[in-house]
>>> print(open('coords-v5.cif').read())   # mmCIF, C-alpha atoms
data_structure
#
loop_
_atom_site.group_PDB
_atom_site.id
_atom_site.type_symbol
_atom_site.label_atom_id
_atom_site.label_comp_id
_atom_site.auth_asym_id
_atom_site.auth_seq_id
_atom_site.Cartn_x
_atom_site.Cartn_y
_atom_site.Cartn_z
ATOM 1 C CA MET A 22 161.332 -33.070 23.740
ATOM 2 C CA GLN A 23 159.477 -36.344 24.191
ATOM 3 C CA ALA A 24 157.559 -38.497 21.736
ATOM 4 C CA ASP A 25 155.211 -41.338 22.596
ATOM 5 C CA LEU A 26 156.515 -44.763 21.562
ATOM 6 C CA SER A 27 153.198 -45.646 19.931
ATOM 7 C CA ASP A 28 153.350 -42.468 17.821
ATOM 8 C CA LEU A 29 156.846 -43.380 16.656
ATOM 9 C CA ASN A 30 155.669 -46.872 15.723
ATOM 10 C CA ALA A 31 152.723 -45.383 13.858
ATOM 11 C CA PHE A 32 154.983 -43.073 11.862
ATOM 12 C CA LEU A 33 157.315 -45.945 10.980
ATOM 13 C CA ALA A 34 154.408 -48.147 9.856
ATOM 14 C CA VAL A 35 152.982 -45.426 7.597
ATOM 15 C CA ALA A 36 156.403 -44.612 6.129
ATOM 16 C CA ARG A 37 157.065 -48.275 5.338
ATOM 17 C CA ALA A 38 153.633 -48.851 3.816
ATOM 18 C CA ARG A 39 153.670 -45.528 1.896
ATOM 19 C CA GLY A 40 150.086 -44.908 2.937
ATOM 20 C CA PHE A 41 147.757 -44.703 5.936
ATOM 21 C CA ARG A 42 145.257 -47.295 4.731
ATOM 22 C CA GLU A 43 148.003 -49.764 3.825
ATOM 23 C CA ALA A 44 149.682 -49.253 7.199
ATOM 24 C CA ALA A 45 146.349 -49.646 8.980
ATOM 25 C CA ARG A 46 145.836 -53.040 7.369
ATOM 26 C CA ALA A 47 149.373 -54.084 8.314
ATOM 27 C CA VAL A 48 149.212 -53.121 11.997
ATOM 28 C CA GLY A 49 145.522 -53.714 12.669
ATOM 29 C CA ALA A 50 144.616 -50.106 13.489
ATOM 30 C CA SER A 51 142.395 -47.553 11.801
ATOM 31 C CA ALA A 52 143.807 -45.111 9.261
ATOM 32 C CA SER A 53 142.447 -42.205 11.267
ATOM 33 C CA THR A 54 144.233 -43.410 14.412
ATOM 34 C CA LEU A 55 147.547 -43.591 12.544
ATOM 35 C CA SER A 56 146.972 -40.194 10.935
ATOM 36 C CA GLU A 57 146.325 -38.600 14.311
ATOM 37 C CA ALA A 58 149.435 -40.272 15.782
ATOM 38 C CA VAL A 59 151.669 -38.945 12.978
ATOM 39 C CA ARG A 60 150.139 -35.483 13.238
ATOM 40 C CA ARG A 61 150.735 -35.520 17.001
ATOM 41 C CA LEU A 62 154.362 -36.550 16.483
ATOM 42 C CA GLU A 63 154.949 -33.822 13.883
ATOM 43 C CA ASN A 64 153.454 -31.219 16.194
ATOM 44 C CA ARG A 65 155.712 -32.297 19.052
ATOM 45 C CA LEU A 66 158.818 -32.222 16.860
ATOM 46 C CA GLY A 67 157.775 -29.048 15.059
ATOM 47 C CA ILE A 68 158.603 -30.426 11.609
ATOM 48 C CA ARG A 69 156.808 -32.257 8.817
ATOM 49 C CA LEU A 70 157.845 -35.900 8.522
ATOM 50 C CA LEU A 71 155.612 -37.057 5.658
ATOM 51 C CA HIS A 72 154.571 -35.599 2.323
ATOM 52 C CA ARG A 73 150.878 -36.379 1.867
ATOM 53 C CA THR A 74 148.982 -36.340 -1.426
ATOM 54 C CA THR A 75 145.732 -37.978 -2.497
ATOM 55 C CA ARG A 76 147.762 -40.714 -4.194
ATOM 56 C CA SER A 77 150.785 -41.323 -1.988
ATOM 57 C CA VAL A 78 152.565 -40.718 1.276
ATOM 58 C CA THR A 79 156.362 -40.329 1.223
ATOM 59 C CA PRO A 80 158.865 -39.328 3.914
ATOM 60 C CA THR A 81 160.359 -35.862 3.875
ATOM 61 C CA GLU A 82 164.117 -35.460 4.195
ATOM 62 C CA ALA A 83 163.647 -35.123 7.954
ATOM 63 C CA GLY A 84 161.403 -38.183 7.934
ATOM 64 C CA LEU A 85 164.032 -40.240 6.115
ATOM 65 C CA ARG A 86 166.685 -39.270 8.634
ATOM 66 C CA LEU A 87 164.372 -40.204 11.491
ATOM 67 C CA ILE A 88 163.604 -43.596 9.904
ATOM 68 C CA GLU A 89 167.328 -44.378 9.558
ATOM 69 C CA ARG A 90 167.819 -44.010 13.316
ATOM 70 C CA LEU A 91 164.380 -45.010 14.497
ATOM 71 C CA ALA A 92 163.946 -48.450 12.898
ATOM 72 C CA PRO A 93 167.009 -50.062 14.515
ATOM 73 C CA ALA A 94 166.276 -48.323 17.821
ATOM 74 C CA LEU A 95 162.706 -49.619 17.997
ATOM 75 C CA SER A 96 163.930 -53.085 17.075
ATOM 76 C CA GLU A 97 166.285 -52.911 20.054
ATOM 77 C CA VAL A 98 163.431 -51.802 22.314
ATOM 78 C CA GLU A 99 161.365 -54.777 21.181
ATOM 79 C CA ALA A 100 164.315 -57.090 21.769
ATOM 80 C CA ALA A 101 164.810 -55.669 25.257
ATOM 81 C CA LEU A 102 161.149 -56.241 26.101
ATOM 82 C CA ASP A 103 161.450 -59.773 24.761
ATOM 83 C CA VAL A 104 163.985 -60.548 27.493
ATOM 84 C CA VAL A 105 160.970 -60.962 29.775
ATOM 85 C CA ASN A 106 160.108 -64.035 27.733
ATOM 86 C CA LEU A 107 163.137 -65.778 29.183
ATOM 87 C CA PHE A 108 161.152 -66.139 32.398
ATOM 88 C CA ARG A 109 158.259 -67.911 30.661
ATOM 89 C CA ASP A 110 157.864 -71.655 30.239
ATOM 90 C CA GLN A 111 157.268 -71.055 26.530
ATOM 91 C CA PRO A 112 158.615 -68.128 24.459
ATOM 92 C CA ALA A 113 155.964 -65.686 23.324
ATOM 93 C CA GLY A 114 155.701 -62.617 21.150
ATOM 94 C CA ARG A 115 155.962 -61.766 17.465
ATOM 95 C CA LEU A 116 158.483 -63.106 14.988
ATOM 96 C CA ARG A 117 158.701 -61.010 11.811
ATOM 97 C CA LEU A 118 160.481 -62.559 8.822
ATOM 98 C CA ASN A 119 161.379 -60.884 5.531
ATOM 99 C CA VAL A 120 161.524 -63.510 2.780
ATOM 100 C CA PRO A 121 161.560 -63.793 -1.012
ATOM 101 C CA VAL A 122 158.277 -64.790 -2.620
ATOM 102 C CA SER A 123 159.884 -68.086 -3.634
ATOM 103 C CA ALA A 124 160.725 -68.925 0.006
ATOM 104 C CA ALA A 125 157.164 -68.185 1.106
ATOM 105 C CA LYS A 126 155.977 -70.649 -1.532
ATOM 106 C CA LEU A 127 158.643 -73.361 -1.437
ATOM 107 C CA VAL A 128 160.456 -73.270 1.930
ATOM 108 C CA LEU A 129 158.200 -72.070 4.732
ATOM 109 C CA PRO A 130 155.189 -74.383 4.128
ATOM 110 C CA ALA A 131 157.327 -77.331 5.246
ATOM 111 C CA ILE A 132 158.499 -75.533 8.409
ATOM 112 C CA LEU A 133 155.880 -73.138 9.737
ATOM 113 C CA PRO A 134 153.011 -75.544 10.587
ATOM 114 C CA GLY A 135 155.234 -77.581 12.899
ATOM 115 C CA PHE A 136 156.774 -74.473 14.441
ATOM 116 C CA LEU A 137 153.404 -72.845 15.121
ATOM 117 C CA ALA A 138 152.145 -76.045 16.711
ATOM 118 C CA ALA A 139 155.228 -76.282 18.930
ATOM 119 C CA TYR A 140 155.074 -72.608 19.985
ATOM 120 C CA PRO A 141 151.426 -71.528 20.204
ATOM 121 C CA ASP A 142 152.292 -68.262 21.993
ATOM 122 C CA ILE A 143 154.447 -66.988 19.130
ATOM 123 C CA GLU A 144 152.819 -64.949 16.362
ATOM 124 C CA VAL A 145 154.702 -65.160 13.054
ATOM 125 C CA GLU A 146 154.434 -62.384 10.480
ATOM 126 C CA ILE A 147 155.783 -63.067 6.989
ATOM 127 C CA VAL A 148 156.746 -60.138 4.775
ATOM 128 C CA ALA A 149 157.201 -61.599 1.270
ATOM 129 C CA GLU A 150 158.973 -59.361 -1.242
ATOM 130 C CA ASP A 151 160.764 -59.832 -4.545
ATOM 131 C CA GLY A 152 163.490 -57.248 -4.030
ATOM 132 C CA PHE A 153 166.564 -56.657 -1.894
ATOM 133 C CA VAL A 154 165.476 -55.238 1.477
ATOM 134 C CA ASP A 155 167.427 -54.143 4.545
ATOM 135 C CA MET A 156 166.021 -56.623 7.034
ATOM 136 C CA VAL A 157 166.889 -54.622 10.167
ATOM 137 C CA ALA A 158 165.700 -51.278 8.764
ATOM 138 C CA SER A 159 162.419 -52.871 7.688
ATOM 139 C CA GLY A 160 161.706 -53.889 11.274
ATOM 140 C CA CYS A 161 162.114 -57.640 10.782
ATOM 141 C CA ASP A 162 163.812 -60.009 13.205
ATOM 142 C CA ALA A 163 165.326 -62.199 10.508
ATOM 143 C CA GLY A 164 165.027 -63.017 6.852
ATOM 144 C CA ILE A 165 165.634 -65.621 4.202
ATOM 145 C CA ARG A 166 168.102 -64.860 1.460
ATOM 146 C CA TYR A 167 170.296 -66.663 -1.045
ATOM 147 C CA ASP A 168 174.052 -66.846 -0.621
ATOM 148 C CA GLU A 169 174.961 -64.144 -3.133
ATOM 149 C CA ARG A 170 172.809 -61.612 -1.293
ATOM 150 C CA LEU A 171 173.917 -62.290 2.275
ATOM 151 C CA GLU A 172 175.516 -59.394 4.113
ATOM 152 C CA GLN A 173 178.888 -59.982 5.765
ATOM 153 C CA ASP A 174 177.836 -58.993 9.268
ATOM 154 C CA MET A 175 174.909 -61.402 9.348
ATOM 155 C CA ILE A 176 174.713 -64.880 10.854
ATOM 156 C CA ALA A 177 173.445 -67.378 8.274
ATOM 157 C CA LEU A 178 171.790 -70.742 8.886
ATOM 158 C CA PRO A 179 170.839 -73.145 6.072
ATOM 159 C CA ILE A 180 167.083 -73.499 5.668
ATOM 160 C CA GLY A 181 165.079 -75.530 3.177
ATOM 161 C CA PRO A 182 166.426 -77.602 0.252
ATOM 162 C CA ARG A 183 170.177 -77.221 -0.140
ATOM 163 C CA VAL A 184 170.113 -77.503 -3.920
ATOM 164 C CA GLN A 185 167.498 -75.908 -6.156
ATOM 165 C CA ARG A 186 167.104 -75.542 -9.923
ATOM 166 C CA PHE A 187 165.515 -73.171 -12.367
ATOM 167 C CA ALA A 188 163.155 -75.268 -14.494
ATOM 168 C CA LEU A 189 161.581 -74.714 -17.883
ATOM 169 C CA ALA A 190 158.202 -76.130 -18.857
ATOM 170 C CA ALA A 191 155.277 -75.866 -21.261
ATOM 171 C CA SER A 192 152.049 -77.740 -21.892
ATOM 172 C CA PRO A 193 152.261 -80.852 -24.108
ATOM 173 C CA ALA A 194 149.724 -79.224 -26.465
ATOM 174 C CA TYR A 195 151.943 -76.158 -26.906
ATOM 175 C CA LEU A 196 155.010 -78.287 -27.592
ATOM 176 C CA ASP A 197 153.100 -80.497 -30.034
ATOM 177 C CA ALA A 198 152.082 -77.383 -31.970
ATOM 178 C CA ARG A 199 155.316 -75.360 -31.760
ATOM 179 C CA GLY A 200 157.969 -78.037 -31.434
ATOM 180 C CA ARG A 201 160.265 -79.121 -28.613
ATOM 181 C CA PRO A 202 163.451 -77.040 -28.335
ATOM 182 C CA ALA A 203 166.684 -79.025 -28.482
ATOM 183 C CA HIS A 204 168.947 -76.107 -27.536
ATOM 184 C CA PRO A 205 168.350 -72.962 -25.434
ATOM 185 C CA ARG A 206 168.851 -70.684 -28.443
ATOM 186 C CA GLU A 207 165.769 -72.234 -30.061
ATOM 187 C CA LEU A 208 163.718 -70.578 -27.309
ATOM 188 C CA LEU A 209 164.097 -67.301 -29.225
ATOM 189 C CA ALA A 210 161.493 -68.643 -31.656
ATOM 190 C CA HIS A 211 159.027 -69.508 -28.872
ATOM 191 C CA ALA A 212 156.461 -67.680 -26.748
ATOM 192 C CA CYS A 213 158.215 -67.192 -23.400
ATOM 193 C CA LEU A 214 156.296 -66.190 -20.274
ATOM 194 C CA ARG A 215 158.352 -63.806 -18.168
ATOM 195 C CA GLY A 216 158.315 -62.174 -14.752
ATOM 196 C CA ARG A 217 159.096 -58.636 -13.641
ATOM 197 C CA PHE A 218 160.457 -57.573 -10.263
ATOM 198 C CA SER A 219 158.965 -54.639 -8.368
ATOM 199 C CA SER A 220 162.164 -52.739 -9.212
ATOM 200 C CA GLY A 221 161.069 -52.842 -12.856
ATOM 201 C CA ALA A 222 163.711 -55.337 -13.971
ATOM 202 C CA LEU A 223 162.671 -58.381 -15.977
ATOM 203 C CA THR A 224 163.645 -61.881 -14.878
ATOM 204 C CA ALA A 225 166.067 -62.054 -17.785
ATOM 205 C CA PRO A 226 168.286 -63.207 -19.235
ATOM 206 C CA TRP A 227 167.409 -66.872 -18.912
ATOM 207 C CA GLU A 228 170.594 -68.809 -18.193
ATOM 208 C CA PHE A 229 171.360 -72.462 -18.960
ATOM 209 C CA GLU A 230 174.338 -74.724 -18.398
ATOM 210 C CA ARG A 231 175.420 -78.159 -19.668
ATOM 211 C CA ASP A 232 178.838 -79.811 -19.718
ATOM 212 C CA GLY A 233 180.540 -76.522 -18.924
ATOM 213 C CA GLU A 234 178.715 -74.588 -21.660
ATOM 214 C CA ILE A 235 176.740 -71.588 -20.405
ATOM 215 C CA VAL A 236 174.068 -70.042 -22.626
ATOM 216 C CA ARG A 237 172.171 -66.835 -21.858
ATOM 217 C CA ILE A 238 169.197 -65.670 -23.902
ATOM 218 C CA GLU A 239 166.865 -62.689 -23.798
ATOM 219 C CA PRO A 240 163.435 -64.337 -24.159
ATOM 220 C CA HIS A 241 160.390 -62.704 -25.701
ATOM 221 C CA GLY A 242 156.734 -63.538 -25.417
ATOM 222 C CA PRO A 243 153.128 -62.507 -24.942
ATOM 223 C CA LEU A 244 152.985 -62.185 -21.135
ATOM 224 C CA ILE A 245 154.903 -60.439 -18.364
ATOM 225 C CA ALA A 246 153.644 -60.866 -14.786
ATOM 226 C CA SER A 247 154.747 -59.507 -11.431
ATOM 227 C CA VAL A 248 157.094 -61.804 -9.546
ATOM 228 C CA ALA A 249 155.725 -60.417 -6.294
ATOM 229 C CA GLY A 250 152.140 -61.568 -6.755
ATOM 230 C CA ALA A 251 151.335 -63.112 -10.114
ATOM 231 C CA VAL A 252 153.733 -66.038 -10.463
ATOM 232 C CA ASP A 253 150.895 -68.561 -10.337
ATOM 233 C CA LEU A 254 149.334 -66.754 -13.293
ATOM 234 C CA LEU A 255 152.431 -67.558 -15.352
ATOM 235 C CA VAL A 256 152.005 -71.236 -14.478
ATOM 236 C CA ASP A 257 148.285 -71.172 -15.293
ATOM 237 C CA VAL A 258 148.916 -69.582 -18.689
ATOM 238 C CA ALA A 259 151.620 -72.139 -19.454
ATOM 239 C CA VAL A 260 149.258 -74.982 -18.509
ATOM 240 C CA ALA A 261 146.655 -73.470 -20.837
ATOM 241 C CA GLY A 262 149.132 -73.612 -23.727
ATOM 242 C CA GLY A 263 150.197 -69.958 -23.725
ATOM 243 C CA GLY A 264 153.936 -70.525 -23.835
ATOM 244 C CA ILE A 265 157.089 -71.656 -22.022
ATOM 245 C CA VAL A 266 157.637 -70.637 -18.411
ATOM 246 C CA SER A 267 160.879 -70.524 -16.377
ATOM 247 C CA LEU A 268 160.577 -70.782 -12.593
ATOM 248 C CA PHE A 269 161.942 -72.589 -9.567
ATOM 249 C CA GLU A 270 161.611 -76.334 -10.144
ATOM 250 C CA GLY A 271 159.594 -76.716 -6.933
ATOM 251 C CA TRP A 272 157.056 -74.172 -8.152
ATOM 252 C CA LEU A 273 156.468 -76.148 -11.350
ATOM 253 C CA GLN A 274 156.736 -79.632 -9.821
ATOM 254 C CA PRO A 275 152.998 -80.193 -9.130
ATOM 255 C CA ALA A 276 152.120 -79.388 -12.753
ATOM 256 C CA LEU A 277 155.015 -81.535 -13.996
ATOM 257 C CA ASP A 278 153.907 -84.451 -11.805
ATOM 258 C CA SER A 279 150.310 -84.233 -13.043
ATOM 259 C CA GLY A 280 151.348 -84.023 -16.689
ATOM 260 C CA ALA A 281 149.790 -80.573 -17.109
ATOM 261 C CA LEU A 282 153.274 -79.315 -17.960
ATOM 262 C CA GLU A 283 156.171 -81.028 -19.694
ATOM 263 C CA ALA A 284 159.811 -80.364 -18.889
ATOM 264 C CA VAL A 285 161.690 -78.389 -21.542
ATOM 265 C CA LEU A 286 165.485 -78.734 -21.902
ATOM 266 C CA PRO A 287 165.875 -80.479 -18.488
ATOM 267 C CA ASP A 288 169.540 -81.320 -19.252
ATOM 268 C CA TRP A 289 170.226 -77.572 -19.334
ATOM 269 C CA TRP A 290 168.535 -76.604 -16.056
ATOM 270 C CA GLN A 291 170.895 -74.647 -13.841
ATOM 271 C CA SER A 292 171.421 -75.619 -10.201
ATOM 272 C CA PHE A 293 172.146 -73.197 -7.352
ATOM 273 C CA SER A 294 172.583 -73.432 -3.590
ATOM 274 C CA GLY A 295 169.557 -73.265 -1.330
ATOM 275 C CA PRO A 296 168.576 -70.327 0.893
ATOM 276 C CA PHE A 297 169.704 -69.282 4.359
ATOM 277 C CA LEU A 298 167.941 -67.905 7.401
ATOM 278 C CA TYR A 299 169.937 -64.807 8.353
ATOM 279 C CA TYR A 300 169.875 -62.442 11.314
ATOM 280 C CA SER A 301 172.040 -59.799 12.908
ATOM 281 C CA GLY A 302 174.786 -60.931 15.229
ATOM 282 C CA ARG A 303 175.050 -57.460 16.746
ATOM 283 C CA ARG A 304 171.882 -57.547 18.816
ATOM 284 C CA LEU A 305 170.220 -59.684 21.438
ATOM 285 C CA VAL A 306 168.333 -62.522 19.762
ATOM 286 C CA PRO A 307 164.662 -62.264 20.797
ATOM 287 C CA PRO A 308 163.213 -65.482 22.288
ATOM 288 C CA PRO A 309 160.760 -66.041 19.375
ATOM 289 C CA LEU A 310 163.651 -65.880 16.920
ATOM 290 C CA ARG A 311 165.807 -68.116 19.127
ATOM 291 C CA ALA A 312 162.998 -70.672 19.180
ATOM 292 C CA PHE A 313 162.717 -70.533 15.389
ATOM 293 C CA ILE A 314 166.496 -70.910 14.945
ATOM 294 C CA ASP A 315 166.528 -73.954 17.214
ATOM 295 C CA PHE A 316 163.532 -75.418 15.386
ATOM 296 C CA VAL A 317 165.201 -74.987 11.979
ATOM 297 C CA ARG A 318 168.431 -76.550 13.241
ATOM 298 C CA ALA A 319 166.530 -79.519 14.652
#
>>> encode(input="coords-v5.cif", output="structure tokens")
Amino acid sequence: MQADLSDLNAFLAVARARGFREAARAVGASASTLSEAVRRLENRLGIRLLHRTTRSVTPTEAGLRLIERLAPALSEVEAALDVVNLFRDQPAGRLRLNVPVSAAKLVLPAILPGFLAAYPDIEVEIVAEDGFVDMVASGCDAGIRYDERLEQDMIALPIGPRVQRFALAASPAYLDARGRPAHPRELLAHACLRGRFSSGALTAPWEFERDGEIVRIEPHGPLIASVAGAVDLLVDVAVAGGGIVSLFEGWLQPALDSGALEAVLPDWWQSFSGPFLYYSGRRLVPPPLRAFIDFVRA
């Protein structure tokens, strides 16, 4: 029983995107083309792979089992085809990276422009998410992740700033009106602007450290925004005087430099190690990824 490679790719794209329109936007094809490809694949296999409703598309049990085997296999096919790039003067092809939203904002802008200029035949696709994702199963060549979330069988390469901090800030007008906290526990009496991950978990507790003392608080406030796509809204509301925001220091730095925001409890800001570029050591490294690794190292 044979299945066309393009039909398999279409099924995988729809399953990942949980919808035909979303998948169409991701792969640059029409929703009807993807729908026909999935229908053709299901007919050839004689089994339904996707549950379809007017609101969502989800894999069936058979579809899930196929995805588990199919995603790594297609990644290997792409890697095998990329071997041809070794015979080119310049590597070419697509490099797909899975990264946290924070890395897309704070790490990649300092790296990607130079890389794209150096390798004009490489197309980079960035998949920015706020949750833990299996990089290989998601069809990505590599990812960016912090040390505590690295998998043991992955090769890790430092990328971006090696030390980062969680910062706390509010507008001077807010602090003039509500007071400037002298200890993290005083934040419980303030309007705190919080984030929520796509998993549903809040970015809490807020954790602080000074002279060996660690303090964790469960903040409360008037606004919760998605970490995946509305982080800048938290900053804008803080600048407008809506409360105290906790984010990566680099995210808040422009507003701190301009005076739009004022640092809160800077002696208590917690430091942590910077991120890593990680990729599987069990497969052939595609030329676009090899070029990116070499560029990061340089």
>>> residues_near_point(input="coords-v5.cif", point="(148.8, -47.1, 2.8)", cutoff="12 Å", atoms="all atoms listed in the file", output="CSV table (one decimal) with C-alpha atoms, in the coordinates of the input")
chain,number,residue,atom,x,y,z
A,31,ALA,CA,152.7,-45.4,13.9
A,32,PHE,CA,155.0,-43.1,11.9
A,33,LEU,CA,157.3,-45.9,11.0
A,34,ALA,CA,154.4,-48.1,9.9
A,35,VAL,CA,153.0,-45.4,7.6
A,36,ALA,CA,156.4,-44.6,6.1
A,37,ARG,CA,157.1,-48.3,5.3
A,38,ALA,CA,153.6,-48.9,3.8
A,39,ARG,CA,153.7,-45.5,1.9
A,40,GLY,CA,150.1,-44.9,2.9
A,41,PHE,CA,147.8,-44.7,5.9
A,42,ARG,CA,145.3,-47.3,4.7
A,43,GLU,CA,148.0,-49.8,3.8
A,44,ALA,CA,149.7,-49.3,7.2
A,45,ALA,CA,146.3,-49.6,9.0
A,46,ARG,CA,145.8,-53.0,7.4
A,47,ALA,CA,149.4,-54.1,8.3
A,48,VAL,CA,149.2,-53.1,12.0
A,50,ALA,CA,144.6,-50.1,13.5
A,51,SER,CA,142.4,-47.6,11.8
A,52,ALA,CA,143.8,-45.1,9.3
A,53,SER,CA,142.4,-42.2,11.3
A,55,LEU,CA,147.5,-43.6,12.5
A,56,SER,CA,147.0,-40.2,10.9
A,73,ARG,CA,150.9,-36.4,1.9
A,74,THR,CA,149.0,-36.3,-1.4
A,75,THR,CA,145.7,-38.0,-2.5
A,76,ARG,CA,147.8,-40.7,-4.2
A,77,SER,CA,150.8,-41.3,-2.0
A,78,VAL,CA,152.6,-40.7,1.3
A,79,THR,CA,156.4,-40.3,1.2
>>> resolve_selection(input="coords-v5.cif", expression="the PyMOL selection byres ((chain A and resi 205-211) around 9)", output="VMD selection string")
chain A and resid 199 to 204 212 to 213 227 to 229 236 to 242 264 to 265 286 289
>>> atom_distance(input="coords-v5.cif", atom1="atom CA of Pro121 of chain A", atom2="atom CA of Val252 of chain A")
12.5 Å
>>> atom_distance(input="coords-v5.cif", atom1="atom CA of Ser267 of chain A", atom2="atom CA of Arg166 of chain A")
20.1 Å
>>> resolve_selection(input="coords-v5.cif", expression="the PyMOL selection byres ((chain A and resi 65) around 12)", output="list in words")
Met22, Gln23, Ala24, Asp25, Asp28, Leu29, Ala58, Val59, Arg60, Arg61, Leu62, Glu63, Asn64, Leu66, Gly67, Ile68, Arg69 and Leu70 of chain A
>>> closest_residue(input="coords-v5.cif", among="A:Ala124, A:Leu178, A:Leu95, A:Pro243", to="Asp315 of chain A", atoms="only C-alpha atoms")
A:Leu178
>>> atom_distance(input="coords-v5.cif", atom1="atom CA of Ala190 of chain A", atom2="atom CA of Arg215 of chain A")
12.3 Å
